[in-house]
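Quick look at model-v5.cif (mmCIF, C-alpha atoms (C1' of nucleotides)):
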data_protein
loop_
_atom_site.label_atom_id
_atom_site.label_comp_id
_atom_site.auth_asym_id
_atom_site.auth_seq_id
_atom_site.Cartn_x
_atom_site.Cartn_y
_atom_site.Cartn_z
CA MET A 1 11.85 8.15 0.21
CA GLU A 2 9.66 5.69 -1.60
CA ASN A 3 10.21 3.11 1.13
CA ALA A 4 9.66 5.63 3.89
CA LEU A 5 6.31 6.67 2.45
CA ARG A 6 5.10 3.13 2.05
CA ALA A 7 6.31 2.41 5.57
CA ILE A 8 4.35 5.19 7.24
CA ALA A 9 1.24 4.44 5.19
CA GLU A 10 0.55 1.47 7.46
CA PRO A 11 -1.33 2.29 10.71
CA ASN A 12 0.47 -0.24 12.92
CA ARG A 13 3.82 1.02 11.74
CA ARG A 14 2.80 4.58 12.54
CA ARG A 15 1.89 3.47 16.05
CA ILE A 16 5.28 1.80 16.37
CA LEU A 17 6.98 5.02 15.32
CA GLU A 18 5.03 6.95 17.92
CA LEU A 19 6.02 4.41 20.56
CA VAL A 20 9.73 4.63 19.86
CA ALA A 21 9.68 8.36 19.18
CA GLY A 22 10.38 9.60 22.68
CA GLN A 23 11.99 6.49 24.04
CA GLU A 24 14.14 3.59 22.94
CA ARG A 25 12.17 0.36 23.28
CA SER A 26 12.77 -3.36 22.86
CA ALA A 27 10.95 -5.44 20.25
CA GLY A 28 9.01 -7.31 22.91
CA GLU A 29 8.05 -4.12 24.70
CA ILE A 30 6.66 -2.79 21.45
CA ALA A 31 4.86 -6.00 20.51
CA ALA A 32 3.14 -6.02 23.91
CA GLN A 33 1.22 -2.90 22.89
CA PHE A 34 -0.41 -4.62 19.92
CA SER A 35 -3.15 -7.15 19.40
CA ILE A 36 -1.42 -8.59 16.33
CA SER A 37 1.17 -11.35 16.79
CA ARG A 38 4.76 -10.69 17.85
CA PRO A 39 6.19 -11.87 14.50
CA ALA A 40 3.89 -9.42 12.71
CA VAL A 41 5.39 -6.60 14.77
CA SER A 42 8.87 -7.90 14.04
CA GLN A 43 8.10 -7.73 10.32
CA HIS A 44 6.89 -4.16 10.70
CA LEU A 45 10.11 -3.28 12.50
CA THR A 46 12.11 -4.76 9.63
CA VAL A 47 10.20 -2.57 7.18
CA LEU A 48 10.75 0.55 9.28
CA LYS A 49 14.43 -0.22 9.59
CA GLY A 50 14.71 -0.83 5.85
CA ALA A 51 13.11 2.54 5.25
CA GLY A 52 15.66 4.19 7.54
CA LEU A 53 13.00 5.44 9.93
CA VAL A 54 14.23 3.52 12.98
CA SER A 55 17.62 2.31 14.11
CA GLU A 56 18.36 -0.93 15.91
CA ARG A 57 20.81 -1.47 18.74
CA ARG A 58 21.51 -4.88 20.29
CA GLU A 59 21.95 -5.34 23.99
CA GLY A 60 22.35 -8.95 25.08
CA THR A 61 19.45 -10.86 23.64
CA LYS A 62 17.32 -7.76 23.27
CA ARG A 63 17.01 -5.45 20.31
CA LEU A 64 16.31 -1.83 21.07
CA TYR A 65 14.65 0.41 18.54
CA SER A 66 14.49 4.18 18.31
CA VAL A 67 13.46 6.82 15.79
CA ARG A 68 16.04 7.88 13.23
CA SER A 69 14.94 11.39 12.34
CA GLU A 70 17.32 11.72 9.39
CA GLY A 71 15.09 9.19 7.68
CA PHE A 72 12.28 11.75 7.66
CA GLU A 73 14.16 14.53 5.92
CA ASP A 74 13.37 13.56 2.36
CA LEU A 75 9.72 13.28 3.27
CA ARG A 76 9.84 16.73 4.75
CA ALA A 77 11.41 18.14 1.59
CA PHE A 78 8.87 16.48 -0.66
CA LEU A 79 5.85 17.49 1.38
CA GLU A 80 6.97 21.07 1.89
CA THR A 81 6.33 21.51 -1.82
CA PHE A 82 2.63 21.29 -1.13
CA TRP A 83 2.07 23.69 1.70
CA GLY A 84 2.87 27.32 2.26
CA ASP A 85 5.85 28.88 0.52
CA GLY A 86 6.79 25.88 -1.59
CA LEU A 87 3.42 25.91 -3.31
CA GLU A 88 3.53 29.69 -3.75
CA ARG A 89 6.86 29.48 -5.51
CA LEU A 90 5.58 26.77 -7.82
CA LYS A 91 2.49 28.81 -8.68
CA ILE A 92 4.53 31.84 -9.63
CA ALA A 93 6.80 29.71 -11.78
CA ALA A 94 3.77 28.20 -13.51
CA GLU A 95 2.25 31.61 -14.22
CA HIS A 96 5.48 32.83 -15.78
CA GLU A 97 5.57 29.78 -17.99
CA GLU A 98 1.93 30.32 -18.88
CA GLY A 99 2.68 33.91 -19.95
CA ARG A 100 5.62 32.78 -22.01
CA ARG A 101 3.47 30.23 -23.80
CA ARG A 102 0.78 32.80 -24.59
CA ARG A 103 3.36 35.14 -26.03
CA ASP A 104 4.81 32.36 -28.21
CA ARG A 105 1.39 31.49 -29.57
CA ARG A 106 0.29 35.05 -30.40
CA PRO A 107 3.43 37.16 -30.59
CA ALA A 108 3.03 40.92 -30.14
CA MET B 1 -4.85 11.37 7.24
CA GLU B 2 -4.83 7.65 6.70
CA ASN B 3 -6.12 8.14 3.15
CA ALA B 4 -3.69 10.94 2.43
CA LEU B 5 -0.74 8.80 3.45
CA ARG B 6 -1.80 5.86 1.36
CA ALA B 7 -2.45 8.25 -1.52
CA ILE B 8 1.03 9.75 -1.55
CA ALA B 9 2.69 6.36 -1.09
CA GLU B 10 2.06 5.64 -4.78
CA PRO B 11 4.69 7.03 -7.21
CA ASN B 12 2.30 7.90 -10.04
CA ARG B 13 0.06 9.77 -7.63
CA ARG B 14 3.04 11.75 -6.37
CA ARG B 15 3.87 12.70 -9.93
CA ILE B 16 0.28 13.82 -10.44
CA LEU B 17 0.50 15.98 -7.33
CA GLU B 18 3.68 17.57 -8.62
CA LEU B 19 2.01 18.24 -11.96
CA VAL B 20 -0.99 20.00 -10.47
CA ALA B 21 0.99 21.72 -7.74
CA GLY B 22 1.88 24.88 -9.59
CA GLN B 23 -0.88 24.82 -12.12
CA GLU B 24 -4.46 23.70 -12.54
CA ARG B 25 -4.62 20.95 -15.15
CA SER B 26 -7.26 18.89 -16.92
CA ALA B 27 -7.51 15.13 -16.53
CA GLY B 28 -6.44 14.57 -20.12
CA GLU B 29 -3.52 16.95 -19.81
CA ILE B 30 -2.35 14.99 -16.81
CA ALA B 31 -2.88 11.60 -18.39
CA ALA B 32 -0.81 12.67 -21.40
CA GLN B 33 2.27 12.77 -19.16
CA PHE B 34 1.99 9.10 -18.23
CA SER B 35 2.65 5.82 -19.95
CA ILE B 36 -0.18 4.11 -18.07
CA SER B 37 -3.70 4.25 -19.52
CA ARG B 38 -5.98 7.24 -19.15
CA PRO B 39 -8.49 5.34 -16.96
CA ALA B 40 -5.66 4.42 -14.61
CA VAL B 41 -4.85 8.11 -14.19
CA SER B 42 -8.52 8.85 -13.66
CA GLN B 43 -8.59 6.30 -10.85
CA HIS B 44 -5.54 7.89 -9.26
CA LEU B 45 -7.24 11.28 -9.43
CA THR B 46 -10.27 9.80 -7.67
CA VAL B 47 -8.03 8.54 -4.89
CA LEU B 48 -6.28 11.88 -4.52
CA LYS B 49 -9.59 13.69 -4.43
CA GLY B 50 -10.94 11.24 -1.83
CA ALA B 51 -7.88 11.92 0.29
CA GLY B 52 -8.53 15.65 0.07
CA LEU B 53 -5.21 16.33 -1.62
CA VAL B 54 -6.63 17.76 -4.85
CA SER B 55 -9.79 19.65 -5.70
CA GLU B 56 -11.82 19.26 -8.87
CA ARG B 57 -13.50 22.02 -10.86
CA ARG B 58 -15.65 21.39 -13.93
CA GLU B 59 -15.48 23.56 -16.99
CA GLY B 60 -17.55 22.33 -19.90
CA THR B 61 -16.62 18.74 -20.54
CA LYS B 62 -13.26 19.14 -18.88
CA ARG B 63 -12.35 18.57 -15.25
CA LEU B 64 -9.61 20.71 -13.84
CA TYR B 65 -7.56 19.54 -10.90
CA SER B 66 -5.36 21.47 -8.51
CA VAL B 67 -3.58 20.90 -5.21
CA ARG B 68 -5.58 21.41 -2.05
CA SER B 69 -2.92 22.28 0.49
CA GLU B 70 -5.27 22.04 3.48
CA GLY B 71 -5.24 18.32 2.80
CA PHE B 72 -1.59 18.21 3.78
CA GLU B 73 -2.02 19.82 7.19
CA ASP B 74 -2.57 16.63 9.16
CA LEU B 75 0.40 14.99 7.49
CA ARG B 76 2.54 17.93 8.45
CA ALA B 77 1.41 17.70 12.06
CA PHE B 78 2.04 13.98 12.26
CA LEU B 79 5.45 14.10 10.64
CA GLU B 80 6.66 17.07 12.64
CA THR B 81 6.63 14.76 15.62
CA PHE B 82 9.61 12.96 14.16
CA TRP B 83 12.00 15.72 13.28
CA GLY B 84 13.52 18.61 15.15
CA ASP B 85 11.66 20.14 18.07
CA GLY B 86 8.78 17.69 18.14
CA LEU B 87 11.13 14.78 18.76
CA GLU B 88 13.12 16.77 21.32
CA ARG B 89 10.00 17.49 23.33
CA LEU B 90 9.00 13.85 23.26
CA LYS B 91 12.44 12.74 24.41
CA ILE B 92 12.40 15.09 27.37
CA ALA B 93 8.93 13.90 28.33
CA ALA B 94 10.11 10.29 28.14
CA GLU B 95 13.15 11.01 30.30
CA HIS B 96 11.00 12.62 32.97
CA GLU B 97 8.72 9.64 32.97
CA GLU B 98 11.74 7.38 33.16
CA GLY B 99 13.04 9.28 36.21
CA ARG B 100 9.67 9.13 37.87
CA ARG B 101 9.53 5.38 37.37
CA ARG B 102 13.00 4.88 38.85
CA ARG B 103 12.03 6.91 41.91
CA ASP B 104 8.86 4.87 42.33
CA ARG B 105 10.78 1.60 42.18
CA ARG B 106 13.52 2.54 44.66
CA PRO B 107 12.20 5.45 46.71
CA ALA B 108 14.75 7.64 48.57
"C1'" DG C 1 26.00 -28.84 28.25
"C1'" DC C 2 20.89 -27.62 28.82
"C1'" DC C 3 17.06 -24.67 29.47
"C1'" DT C 4 14.94 -20.20 28.98
"C1'" DT C 5 14.33 -15.67 27.09
"C1'" DA C 6 14.02 -12.70 23.25
"C1'" DC C 7 13.76 -12.37 18.89
"C1'" DG C 8 13.92 -13.07 13.61
"C1'" DT C 9 12.61 -16.03 9.41
"C1'" DA C 10 9.75 -19.18 6.41
"C1'" DA C 11 5.62 -20.51 4.25
"C1'" DG C 12 1.16 -19.87 3.00
"C1'" DG C 13 -3.52 -17.60 2.69
"C1'" DA C 14 -7.12 -13.65 2.54
"C1'" DG C 15 -7.52 -9.29 1.10
"C1'" DT C 16 -6.12 -5.07 -1.30
"C1'" DC C 17 -3.90 -2.41 -5.17
"C1'" DG C 18 -2.97 -0.85 -9.63
"C1'" DC C 19 -3.42 -1.96 -14.12
"C1'" DT C 20 -5.95 -3.15 -18.48
"C1'" DT C 21 -9.94 -3.22 -21.85
"C1'" DA C 22 -14.69 -2.35 -22.66
"C1'" DC C 23 -18.52 0.57 -21.84
"C1'" DA C 24 -21.42 4.63 -20.14
"C1'" DA C 25 -22.26 9.50 -19.32
"C1'" DT C 26 -22.13 14.36 -20.15
"C1'" DG C 27 -21.31 18.79 -22.59
"C1'" DG C 28 -20.55 21.46 -26.66
"C1'" DA C 29 -20.34 22.01 -32.11
"C1'" DG C 30 -22.69 21.60 -36.32
"C1'" DC D 1 -30.57 15.36 -33.09
"C1'" DT D 2 -26.09 13.55 -34.25
"C1'" DC D 3 -21.27 13.41 -33.72
"C1'" DC D 4 -17.15 14.15 -31.27
"C1'" DA D 5 -14.41 15.18 -27.31
"C1'" DT D 6 -13.52 14.43 -22.58
"C1'" DT D 7 -13.97 11.90 -18.78
"C1'" DG D 8 -15.61 8.47 -15.31
"C1'" DT D 9 -17.13 3.51 -14.20
"C1'" DA D 10 -17.20 -1.73 -14.39
"C1'" DA D 11 -15.08 -6.09 -14.42
"C1'" DG D 12 -11.42 -8.86 -14.02
"C1'" DC D 13 -6.50 -10.22 -13.38
"C1'" DG D 14 -1.60 -10.52 -11.57
"C1'" DA D 15 1.17 -8.70 -7.93
"C1'" DC D 16 1.87 -7.23 -3.51
"C1'" DT D 17 0.61 -6.64 1.64
"C1'" DC D 18 -0.24 -8.06 6.10
"C1'" DC D 19 -1.46 -11.52 8.86
"C1'" DT D 20 -0.99 -16.23 11.07
"C1'" DT D 21 1.44 -20.52 12.74
"C1'" DA D 22 5.58 -23.15 12.82
"C1'" DC D 23 10.41 -23.17 13.13
"C1'" DG D 24 15.33 -21.37 13.58
"C1'" DT D 25 18.92 -18.71 16.11
"C1'" DA D 26 21.61 -16.46 19.50
"C1'" DA D 27 22.73 -14.82 24.24
"C1'" DG D 28 22.65 -15.71 29.13
"C1'" DG D 29 21.75 -18.27 33.71
"C1'" DC D 30 22.73 -22.37 36.02
#
As structure tokens, the full file:
Amino acid sequence: MENALRAIAEPNRRRILELVAGQERSAGEIAAQFSISRPAVSQHLTVLKGAGLVSERREGTKRLYSVRSEGFEDLRAFLETFWGDGLERLKIAAEHEEGRRRRDRRPA
Amino acid sequence: MENALRAIAEPNRRRILELVAGQERSAGEIAAQFSISRPAVSQHLTVLKGAGLVSERREGTKRLYSVRSEGFEDLRAFLETFWGDGLERLKIAAEHEEGRRRRDRRPA
DNA sequence: GCCTTACGTAAGGAGTCGCTTACAATGGAG
DNA sequence: CTCCATTGTAAGCGACTCCTTACGTAAGGC
């Protein structure tokens, strides 16, 4: 998950993910959408692949990239802690612990 | 969202978030959990606050931090694109576009 | 074989990040 | 007012990031 988080922290990589989200695309096709150099995009693709967020498929001389949604599952799990129910559950747990500590300090 | 993503990409900051998730905690209380220096933790807290992921409340000389779940909303929206329904919808849209392009190229 | 197309890899440089130590600021206790 | 506790801020340093240009590699077309 570490790698995935660092990967999506970079704006160009996020744009790449959005590009390949709905549609498999070749490296060149992707690079054409950017002002940065083609090797720079290639490096970003390597990072995304290393993070498990995209998969690569070779076809002749081309390399086709697409989103690998399994790679996002750990992120989902981690982040769900911080919104909605996950946070609620944590708060309740913390309050219980708080009560226990108070009782230990000044026992009835 | 940019700031939030960069903020959570750092392991120590993630640990801080987990610490303050269930329970409001003071800066010192947080720093005590880390091997890095107290100023380093303070800097991380500044980053998290700047990203809107934690809120700060002053009480006497102490500063109490807690998770601000609204700060995670944009992340949720962005990431939902890449798992489950969001990705499905994008794929269908891409296929339609693909079909349209084929028709344009070789009209019936 | 030779050329072209499509792409990754290597090397190096500017900028950013996260850490440390030293110092400043603010609030409460006496 | 002085002292202590709690915290942020400043300055500087090594490590990492992202970019560029130059070069290497592999699959076709002819």
Quick check on the file I pasted: which residues fall under the PyMOL selection byres ((chain A) within 9 of (chain C))? Write them as a PyMOL selection string. chain A and resi 27-28+39+42-43+61-63
For chain D versus chain A, which residues have an atom no more than 12 Å away, and what is each residue's nearest atom pair and distance in Å rounded to one decimal, using all atoms listed in the file, chain-then-number order, as a Markdown table?
| residue | atom | partner | partner_atom | distance |
| --- | --- | --- | --- | --- |
| D:DT17 | C1' | A:Glu10 | CA | 10.0 |
| D:DC18 | C1' | A:Ala40 | CA | 7.9 |
| D:DC19 | C1' | A:Ala40 | CA | 6.9 |
| D:DT20 | C1' | A:Ser37 | CA | 7.8 |
| D:DT21 | C1' | A:Pro39 | CA | 10.0 |
| D:DA22 | C1' | A:Pro39 | CA | 11.4 |
| D:DT25 | C1' | A:Thr61 | CA | 10.9 |
| D:DA26 | C1' | A:Thr61 | CA | 7.3 |
| D:DA27 | C1' | A:Thr61 | CA | 5.2 |
| D:DG28 | C1' | A:Gly60 | CA | 7.9 |
Written as a ChimeraX atom specification, which residues does the PyMOL selection byres ((chain B and resi 81) around 12) give for the file shown? /A:14,17-22,67-69,72,76 /B:74-80,82-91
Between atom CA of Leu64 of chain A and atom C1' of DC16 of chain D, measure the distance and give it in Å to one decimal.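 Taking atom CA of Leu64 of chain A and atom C1' of DC16 of chain D, their separation equals 29.0 Å.
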Using all atoms listed in the file, determine which residues lie at most 9 Å from Val41 of chain A, disregarding the query and same-chain residues fewer than 6 positions distant; provide the list as a list in words. Asn12, Arg13, Ile16, Ala27, Gly28, Ile30, Ala31 and Phe34 of chain A
I'd like the interatomic distance between atom CA of Glu2 of chain A and atom CA of Leu53 of chain B, to a tenth of an Å.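 Separating atom CA of Glu2 of chain A from atom CA of Leu53 of chain B is a distance of 18.3 Å.
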Quick check, in Å to one decimal: how far apart do atom CA of Ala7 of chain B and atom CA of Ser66 of chain B lie?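 Those two atoms sit 15.2 Å apart.
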Produce the centre coordinates and the three edge lengths, each in Å to one decimal, of the box along x, y and z that contains all listed atoms of segment 8-11 of chain C with 5 Å added on each side, as JSON.
{"center_x": 9.8, "center_y": -16.8, "center_z": 8.9, "size_x": 18.3, "size_y": 17.4, "size_z": 19.4}
